[in-house]
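Novice: One structure coming up, written as C-alpha cells, with questions to follow.
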Amino acid sequence: MSATQRMMVSGRVQGVGYRNWTIWTANALGVTGWVRNVQDGRVEIMASGDDQALGALVEACREGPALARVDDIEVQAVGEIRLKGFNKRLGV
C-alpha cells in the first residue's frame, strides 16, 4: 500500500549534508518525494512509498548523516500523493 508522509526534522540539520543524505537514503529505499530547508532551521521532507519503506526512512532520518544532530521528527500522514523521483527543492 502506498502512502505519503510529511516530515519536519529539527536539530542541527542544515549545513551538514542532510538533504543530500536524505535523497540518497530515499532512493535506496525506493521512496519518492522531495526535501528542502525551512527558514526556521528545520528540514521538510515529503515522501511517498509503501508503509515499510516510509517507516525505514523515518528511522534513518532520526540518525541522519554523521555531522547532523536530530532532536525531533514530526510525522504527518497526508494521504496518497503521486511523486516522481526524489529531489531537492528550494527552501522557503
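The way I read the labels, and the way they are meant: chains A, B, ... in the order of the C-alpha cells, residue 1 as the first residue of every chain, and ligand 1 as the first ligand shown, with later ones counted on from there.
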Please identify all polymer residues within 6 Å of segment 37-44 of chain A, counting only C-alpha atoms, omitting same-chain residues fewer than 5 positions from it, and present them as a list in words.
Specialist: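 Residues meeting the cut-off are Met7, Met8, Val9, Ser10, Gly91 and Val92 of chain A.
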Novice: Keeping only N, CA and C atoms, write the selected residues to a file as a PDB file, in the first residue's frame.
Specialist:
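File part_39.pdb, as written:
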ATOM      1  N   MET A   7       7.409  15.078   6.811  1.00  0.00           N
ATOM      2  CA  MET A   7       8.262  15.021   7.991  1.00  0.00           C
ATOM      3  C   MET A   7       8.932  16.370   8.189  1.00  0.00           C
ATOM      4  N   MET A   8       8.929  16.847   9.409  1.00  0.00           N
ATOM      5  CA  MET A   8       9.634  18.063   9.783  1.00  0.00           C
ATOM      6  C   MET A   8      10.722  17.646  10.769  1.00  0.00           C
ATOM      7  N   VAL A   9      11.973  17.823  10.347  1.00  0.00           N
ATOM      8  CA  VAL A   9      13.112  17.348  11.129  1.00  0.00           C
ATOM      9  C   VAL A   9      13.794  18.551  11.766  1.00  0.00           C
ATOM     10  N   SER A  10      13.960  18.510  13.083  1.00  0.00           N
ATOM     11  CA  SER A  10      14.605  19.622  13.781  1.00  0.00           C
ATOM     12  C   SER A  10      15.888  19.168  14.461  1.00  0.00           C
ATOM     13  N   GLY A  91      14.456  26.141  -0.517  1.00  0.00           N
ATOM     14  CA  GLY A  91      13.851  26.388   0.785  1.00  0.00           C
ATOM     15  C   GLY A  91      12.822  27.499   0.749  1.00  0.00           C
ATOM     16  N   VAL A  92      12.051  27.561   1.794  1.00  0.00           N
ATOM     17  CA  VAL A  92      11.015  28.599   1.904  1.00  0.00           C
ATOM     18  C   VAL A  92      11.441  29.665   2.873  1.00  0.00           C
TER      19      VAL A  92
END
Novice: Given only C-alpha atoms, how would the per-residue table for segment 9-74 of chain A near segment 86-90 of chain A read, listing every residue at most 9 Å away with its closest atom pair and distance in Å to one decimal, sorted by chain and number, as CSV?
Specialist:
residue,atom,partner,partner_atom,distance
A:Arg19,CA,A:Lys88,CA,6.9
A:Asn20,CA,A:Lys88,CA,7.7
A:Thr22,CA,A:Phe86,CA,9.0
A:Ile23,CA,A:Phe86,CA,6.0
A:Trp24,CA,A:Phe86,CA,8.7
A:Ala26,CA,A:Phe86,CA,7.0
A:Asn27,CA,A:Phe86,CA,6.8
A:Val31,CA,A:Phe86,CA,7.3
A:Thr32,CA,A:Phe86,CA,4.8
A:Gly33,CA,A:Phe86,CA,4.6
A:Trp34,CA,A:Asn87,CA,4.8
A:Val35,CA,A:Lys88,CA,5.0
A:Arg36,CA,A:Arg89,CA,5.1
A:Asn37,CA,A:Leu90,CA,7.3
A:Ala47,CA,A:Phe86,CA,8.2
Novice: Store the residues picked out above in a file with C-alpha atoms, as an mmCIF file, in the first residue's frame.
Specialist:
data_model
loop_
_atom_site.group_PDB
_atom_site.id
_atom_site.type_symbol
_atom_site.label_atom_id
_atom_site.label_comp_id
_atom_site.auth_asym_id
_atom_site.auth_seq_id
_atom_site.Cartn_x
_atom_site.Cartn_y
_atom_site.Cartn_z
ATOM 1 C CA ARG A 19 19.257 16.996 2.247
ATOM 2 C CA ASN A 20 21.730 15.146 0.008
ATOM 3 C CA THR A 22 18.032 12.150 2.511
ATOM 4 C CA ILE A 23 17.959 11.917 -1.287
ATOM 5 C CA TRP A 24 20.480 9.059 -1.280
ATOM 6 C CA ALA A 26 15.191 7.673 -0.064
ATOM 7 C CA ASN A 27 16.449 6.416 -3.422
ATOM 8 C CA VAL A 31 10.802 6.238 -1.797
ATOM 9 C CA THR A 32 9.784 9.191 -3.980
ATOM 10 C CA GLY A 33 9.364 12.821 -2.961
ATOM 11 C CA TRP A 34 11.385 15.890 -2.095
ATOM 12 C CA VAL A 35 13.385 17.575 0.666
ATOM 13 C CA ARG A 36 14.032 21.251 1.436
ATOM 14 C CA ASN A 37 15.388 23.572 4.126
ATOM 15 C CA ALA A 47 7.891 11.207 0.947
#
Novice: Name the closest residue to Gln5 of chain A among the candidates A:Val75, A:Ala53, A:Cys61, A:Leu29; distances are taken between atoms, counting only C-alpha atoms.
Specialist: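 Comparing A:Val75, A:Ala53, A:Cys61, A:Leu29 against Gln5 of chain A, the winner is A:Val75.
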Novice: Could you please write out, as a CSV table (one decimal) with all heavy atoms, in the first residue's frame, every residue of chain A that DSSP assigns to helix (DSSP H, G or I)?
Specialist:
chain,number,residue,atom,x,y,z
A,18,TYR,N,22.4,17.1,5.2
A,18,TYR,CA,21.2,16.3,5.5
A,18,TYR,C,20.3,16.1,4.3
A,18,TYR,O,19.8,15.0,4.0
A,18,TYR,CB,20.4,17.0,6.6
A,18,TYR,CG,19.4,16.1,7.3
A,18,TYR,CD1,19.7,15.4,8.4
A,18,TYR,CD2,18.1,15.8,6.7
A,18,TYR,CE1,18.9,14.5,9.0
A,18,TYR,CE2,17.3,15.0,7.3
A,18,TYR,CZ,17.6,14.3,8.5
A,18,TYR,OH,16.8,13.4,9.1
A,19,ARG,N,20.1,17.1,3.4
A,19,ARG,CA,19.3,17.0,2.2
A,19,ARG,C,19.8,16.0,1.3
A,19,ARG,O,19.1,15.1,0.8
A,19,ARG,CB,19.0,18.3,1.6
A,19,ARG,CG,18.1,19.3,2.4
A,19,ARG,CD,18.0,20.6,1.8
A,19,ARG,NE,19.3,21.3,1.7
A,19,ARG,CZ,19.5,22.2,0.8
A,19,ARG,NH1,18.6,22.7,0.0
A,19,ARG,NH2,20.7,22.8,0.8
A,20,ASN,N,21.1,16.1,0.9
A,20,ASN,CA,21.7,15.1,0.0
A,20,ASN,C,21.7,13.7,0.6
A,20,ASN,O,21.4,12.8,-0.2
A,20,ASN,CB,23.2,15.5,-0.3
A,20,ASN,CG,23.2,16.8,-1.2
A,20,ASN,OD1,22.3,17.0,-2.0
A,20,ASN,ND2,24.3,17.5,-1.1
A,21,TRP,N,21.9,13.6,1.9
A,21,TRP,CA,21.9,12.3,2.5
A,21,TRP,C,20.4,11.7,2.4
A,21,TRP,O,20.2,10.5,2.2
A,21,TRP,CB,22.3,12.4,4.0
A,21,TRP,CG,22.1,11.2,4.8
A,21,TRP,CD1,23.0,10.2,4.9
A,21,TRP,CD2,21.0,10.8,5.5
A,21,TRP,NE1,22.5,9.2,5.7
A,21,TRP,CE2,21.2,9.5,6.0
A,21,TRP,CE3,19.7,11.4,5.7
A,21,TRP,CZ2,20.3,8.8,6.8
A,21,TRP,CZ3,18.8,10.7,6.5
A,21,TRP,CH2,19.1,9.4,7.0
A,22,THR,N,19.4,12.6,2.6
A,22,THR,CA,18.0,12.1,2.5
A,22,THR,C,17.7,11.6,1.1
A,22,THR,O,17.0,10.6,0.9
A,22,THR,CB,17.1,13.3,2.9
A,22,THR,OG1,17.4,13.7,4.2
A,22,THR,CG2,15.6,12.9,2.8
A,23,ILE,N,18.2,12.3,0.1
A,23,ILE,CA,18.0,11.9,-1.3
A,23,ILE,C,18.6,10.5,-1.5
A,23,ILE,O,17.9,9.6,-2.1
A,23,ILE,CB,18.5,13.0,-2.3
A,23,ILE,CG1,17.7,14.2,-2.2
A,23,ILE,CG2,18.5,12.4,-3.7
A,23,ILE,CD1,18.4,15.4,-2.9
A,24,TRP,N,19.8,10.3,-1.1
A,24,TRP,CA,20.5,9.1,-1.3
A,24,TRP,C,19.7,8.0,-0.5
A,24,TRP,O,19.5,6.9,-1.1
A,24,TRP,CB,21.9,9.2,-0.8
A,24,TRP,CG,22.7,7.9,-1.0
A,24,TRP,CD1,23.4,7.6,-2.1
A,24,TRP,CD2,22.8,6.8,-0.1
A,24,TRP,NE1,23.9,6.3,-2.0
A,24,TRP,CE2,23.6,5.8,-0.8
A,24,TRP,CE3,22.3,6.5,1.2
A,24,TRP,CZ2,23.9,4.6,-0.2
A,24,TRP,CZ3,22.6,5.3,1.7
A,24,TRP,CH2,23.4,4.4,1.1
A,25,THR,N,19.3,8.2,0.7
A,25,THR,CA,18.6,7.2,1.5
A,25,THR,C,17.3,6.9,0.9
A,25,THR,O,16.9,5.7,0.8
A,25,THR,CB,18.5,7.7,3.0
A,25,THR,OG1,19.8,8.0,3.5
A,25,THR,CG2,17.8,6.7,3.9
A,26,ALA,N,16.5,7.9,0.5
A,26,ALA,CA,15.2,7.7,-0.1
A,26,ALA,C,15.3,6.9,-1.3
A,26,ALA,O,14.5,5.9,-1.6
A,26,ALA,CB,14.5,9.0,-0.3
A,27,ASN,N,16.3,7.2,-2.2
A,27,ASN,CA,16.4,6.4,-3.4
A,27,ASN,C,16.8,5.0,-3.1
A,27,ASN,O,16.3,4.1,-3.8
A,27,ASN,CB,17.5,7.1,-4.3
A,27,ASN,CG,17.0,8.3,-5.0
A,27,ASN,OD1,15.9,8.4,-5.4
A,27,ASN,ND2,17.9,9.3,-5.2
A,28,ALA,N,17.6,4.7,-2.1
A,28,ALA,CA,18.0,3.4,-1.7
A,28,ALA,C,16.8,2.6,-1.2
A,28,ALA,O,16.7,1.3,-1.4
A,28,ALA,CB,19.1,3.4,-0.7
A,29,LEU,N,15.8,3.3,-0.6
A,29,LEU,CA,14.6,2.6,-0.1
A,29,LEU,C,13.5,2.5,-1.1
A,29,LEU,O,12.4,2.0,-0.8
A,29,LEU,CB,14.1,3.3,1.2
A,29,LEU,CG,15.1,3.2,2.4
A,29,LEU,CD1,14.6,4.2,3.4
A,29,LEU,CD2,15.1,1.8,2.9
A,51,ASP,N,4.4,1.4,3.2
A,51,ASP,CA,4.5,1.6,4.6
A,51,ASP,C,5.9,1.2,5.2
A,51,ASP,O,6.4,1.9,6.0
A,51,ASP,CB,3.4,0.9,5.4
A,51,ASP,CG,2.0,1.5,5.1
A,51,ASP,OD1,1.9,2.7,4.7
A,51,ASP,OD2,1.0,0.8,5.3
A,52,GLN,N,6.4,0.1,4.8
A,52,GLN,CA,7.6,-0.4,5.3
A,52,GLN,C,8.8,0.5,4.9
A,52,GLN,O,9.6,0.9,5.7
A,52,GLN,CB,7.9,-1.8,4.7
A,52,GLN,CG,9.2,-2.4,5.3
A,52,GLN,CD,9.4,-3.9,4.8
A,52,GLN,OE1,8.6,-4.4,4.1
A,52,GLN,NE2,10.5,-4.5,5.3
A,53,ALA,N,8.8,1.0,3.6
A,53,ALA,CA,9.9,1.9,3.2
A,53,ALA,C,9.8,3.2,3.9
A,53,ALA,O,10.8,3.8,4.3
A,53,ALA,CB,9.8,2.1,1.6
A,54,LEU,N,8.6,3.8,4.1
A,54,LEU,CA,8.4,5.0,4.8
A,54,LEU,C,8.9,4.9,6.2
A,54,LEU,O,9.5,5.8,6.8
A,54,LEU,CB,7.0,5.5,4.7
A,54,LEU,CG,6.5,6.0,3.4
A,54,LEU,CD1,5.0,6.4,3.4
A,54,LEU,CD2,7.3,7.3,2.9
A,55,GLY,N,8.5,3.8,6.9
A,55,GLY,CA,9.0,3.6,8.2
A,55,GLY,C,10.5,3.5,8.3
A,55,GLY,O,11.1,4.1,9.2
A,56,ALA,N,11.1,2.9,7.3
A,56,ALA,CA,12.6,2.8,7.3
A,56,ALA,C,13.2,4.1,7.1
A,56,ALA,O,14.2,4.5,7.7
A,56,ALA,CB,13.0,1.8,6.2
A,57,LEU,N,12.6,5.0,6.3
A,57,LEU,CA,13.1,6.3,6.0
A,57,LEU,C,13.0,7.2,7.3
A,57,LEU,O,13.9,7.9,7.7
A,57,LEU,CB,12.3,7.0,4.9
A,57,LEU,CG,12.8,8.4,4.5
A,57,LEU,CD1,14.2,8.4,4.1
A,57,LEU,CD2,11.9,9.0,3.5
A,58,VAL,N,11.9,7.1,8.0
A,58,VAL,CA,11.7,7.9,9.2
A,58,VAL,C,12.8,7.4,10.2
A,58,VAL,O,13.4,8.3,10.9
A,58,VAL,CB,10.3,7.7,9.9
A,58,VAL,CG1,10.2,8.3,11.2
A,58,VAL,CG2,9.2,8.3,9.0
A,59,GLU,N,13.0,6.1,10.4
A,59,GLU,CA,14.0,5.7,11.3
A,59,GLU,C,15.4,6.1,10.9
A,59,GLU,O,16.2,6.5,11.8
A,59,GLU,CB,13.9,4.1,11.5
A,59,GLU,CG,12.7,3.7,12.3
A,59,GLU,CD,12.5,4.4,13.6
A,59,GLU,OE1,13.5,4.4,14.4
A,59,GLU,OE2,11.4,4.9,13.8
A,60,ALA,N,15.7,6.1,9.6
A,60,ALA,CA,17.0,6.5,9.2
A,60,ALA,C,17.2,8.0,9.4
A,60,ALA,O,18.3,8.5,9.8
A,60,ALA,CB,17.2,6.2,7.7
A,61,CYS,N,16.1,8.8,9.2
A,61,CYS,CA,16.2,10.2,9.4
A,61,CYS,C,16.3,10.6,10.8
A,61,CYS,O,16.8,11.7,11.1
A,61,CYS,CB,14.9,10.9,8.8
A,61,CYS,SG,14.9,10.9,7.0
A,62,ARG,N,16.0,9.8,11.8
A,62,ARG,CA,16.3,10.0,13.2
A,62,ARG,C,17.8,10.1,13.5
A,62,ARG,O,18.2,10.8,14.4
A,62,ARG,CB,15.6,9.0,14.1
A,62,ARG,CG,14.1,9.1,14.1
A,62,ARG,CD,13.5,8.1,15.1
A,62,ARG,NE,12.1,7.9,14.9
A,62,ARG,CZ,11.1,8.8,15.2
A,62,ARG,NH1,11.5,10.0,15.7
A,62,ARG,NH2,9.9,8.6,14.9
A,63,GLU,N,18.5,9.4,12.7
A,63,GLU,CA,20.0,9.4,12.8
A,63,GLU,C,20.6,10.5,11.9
A,63,GLU,O,21.5,11.3,12.3
A,63,GLU,CB,20.6,8.1,12.5
A,63,GLU,CG,20.2,7.0,13.5
A,63,GLU,CD,20.7,7.2,14.9
A,63,GLU,OE1,21.9,7.7,15.0
A,63,GLU,OE2,19.9,7.0,15.8
Novice: Given the choices A:Gly17, A:Ser48, A:Gly11, A:Thr4, which gets closest to Arg69 of chain A if the distance is worked out from only C-alpha atoms?
Specialist: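 Of the candidates, the smallest distance to Arg69 of chain A is held by A:Gly11.
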Novice: Enumerate as a ChimeraX atom specification all residues of chain A assigned to strand (DSSP E) by DSSP on the backbone, naming them with the chain letters and numbers the document uses.
Specialist: /A:2-12,32-37,43-50,69-77,86-88
Novice: In Å, rounded to a single decimal, give me how far atom CA of Glu80 of chain A is from atom CA of Ser2 of chain A.
Specialist: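 Result for atom CA of Ser2 of chain A versus atom CA of Glu80 of chain A: 6.7 Å, one decimal.
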Novice: Identify which of the residues A:Gly85, A:Pro65, A:Gly79, A:Asp71 lies closest to Gly15 of chain A, counting only C-alpha atoms when measuring atom-to-atom distances.
Specialist: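 Smallest separation from Gly15 of chain A among the options: A:Pro65.
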Novice: What's the separation between atom CA of Ala68 of chain A and atom CA of Ile45 of chain A, in Å to one decimal place?
Specialist: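 Atom CA of Ile45 of chain A lies 15.5 Å from atom CA of Ala68 of chain A.
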Novice: Could you check which of A:Arg12, A:Lys84, A:Ala77, A:Gly30 is closest to Asp50 of chain A, using only C-alpha atoms?
Specialist: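 That would be A:Gly30, the residue with the smallest distance to Asp50 of chain A.
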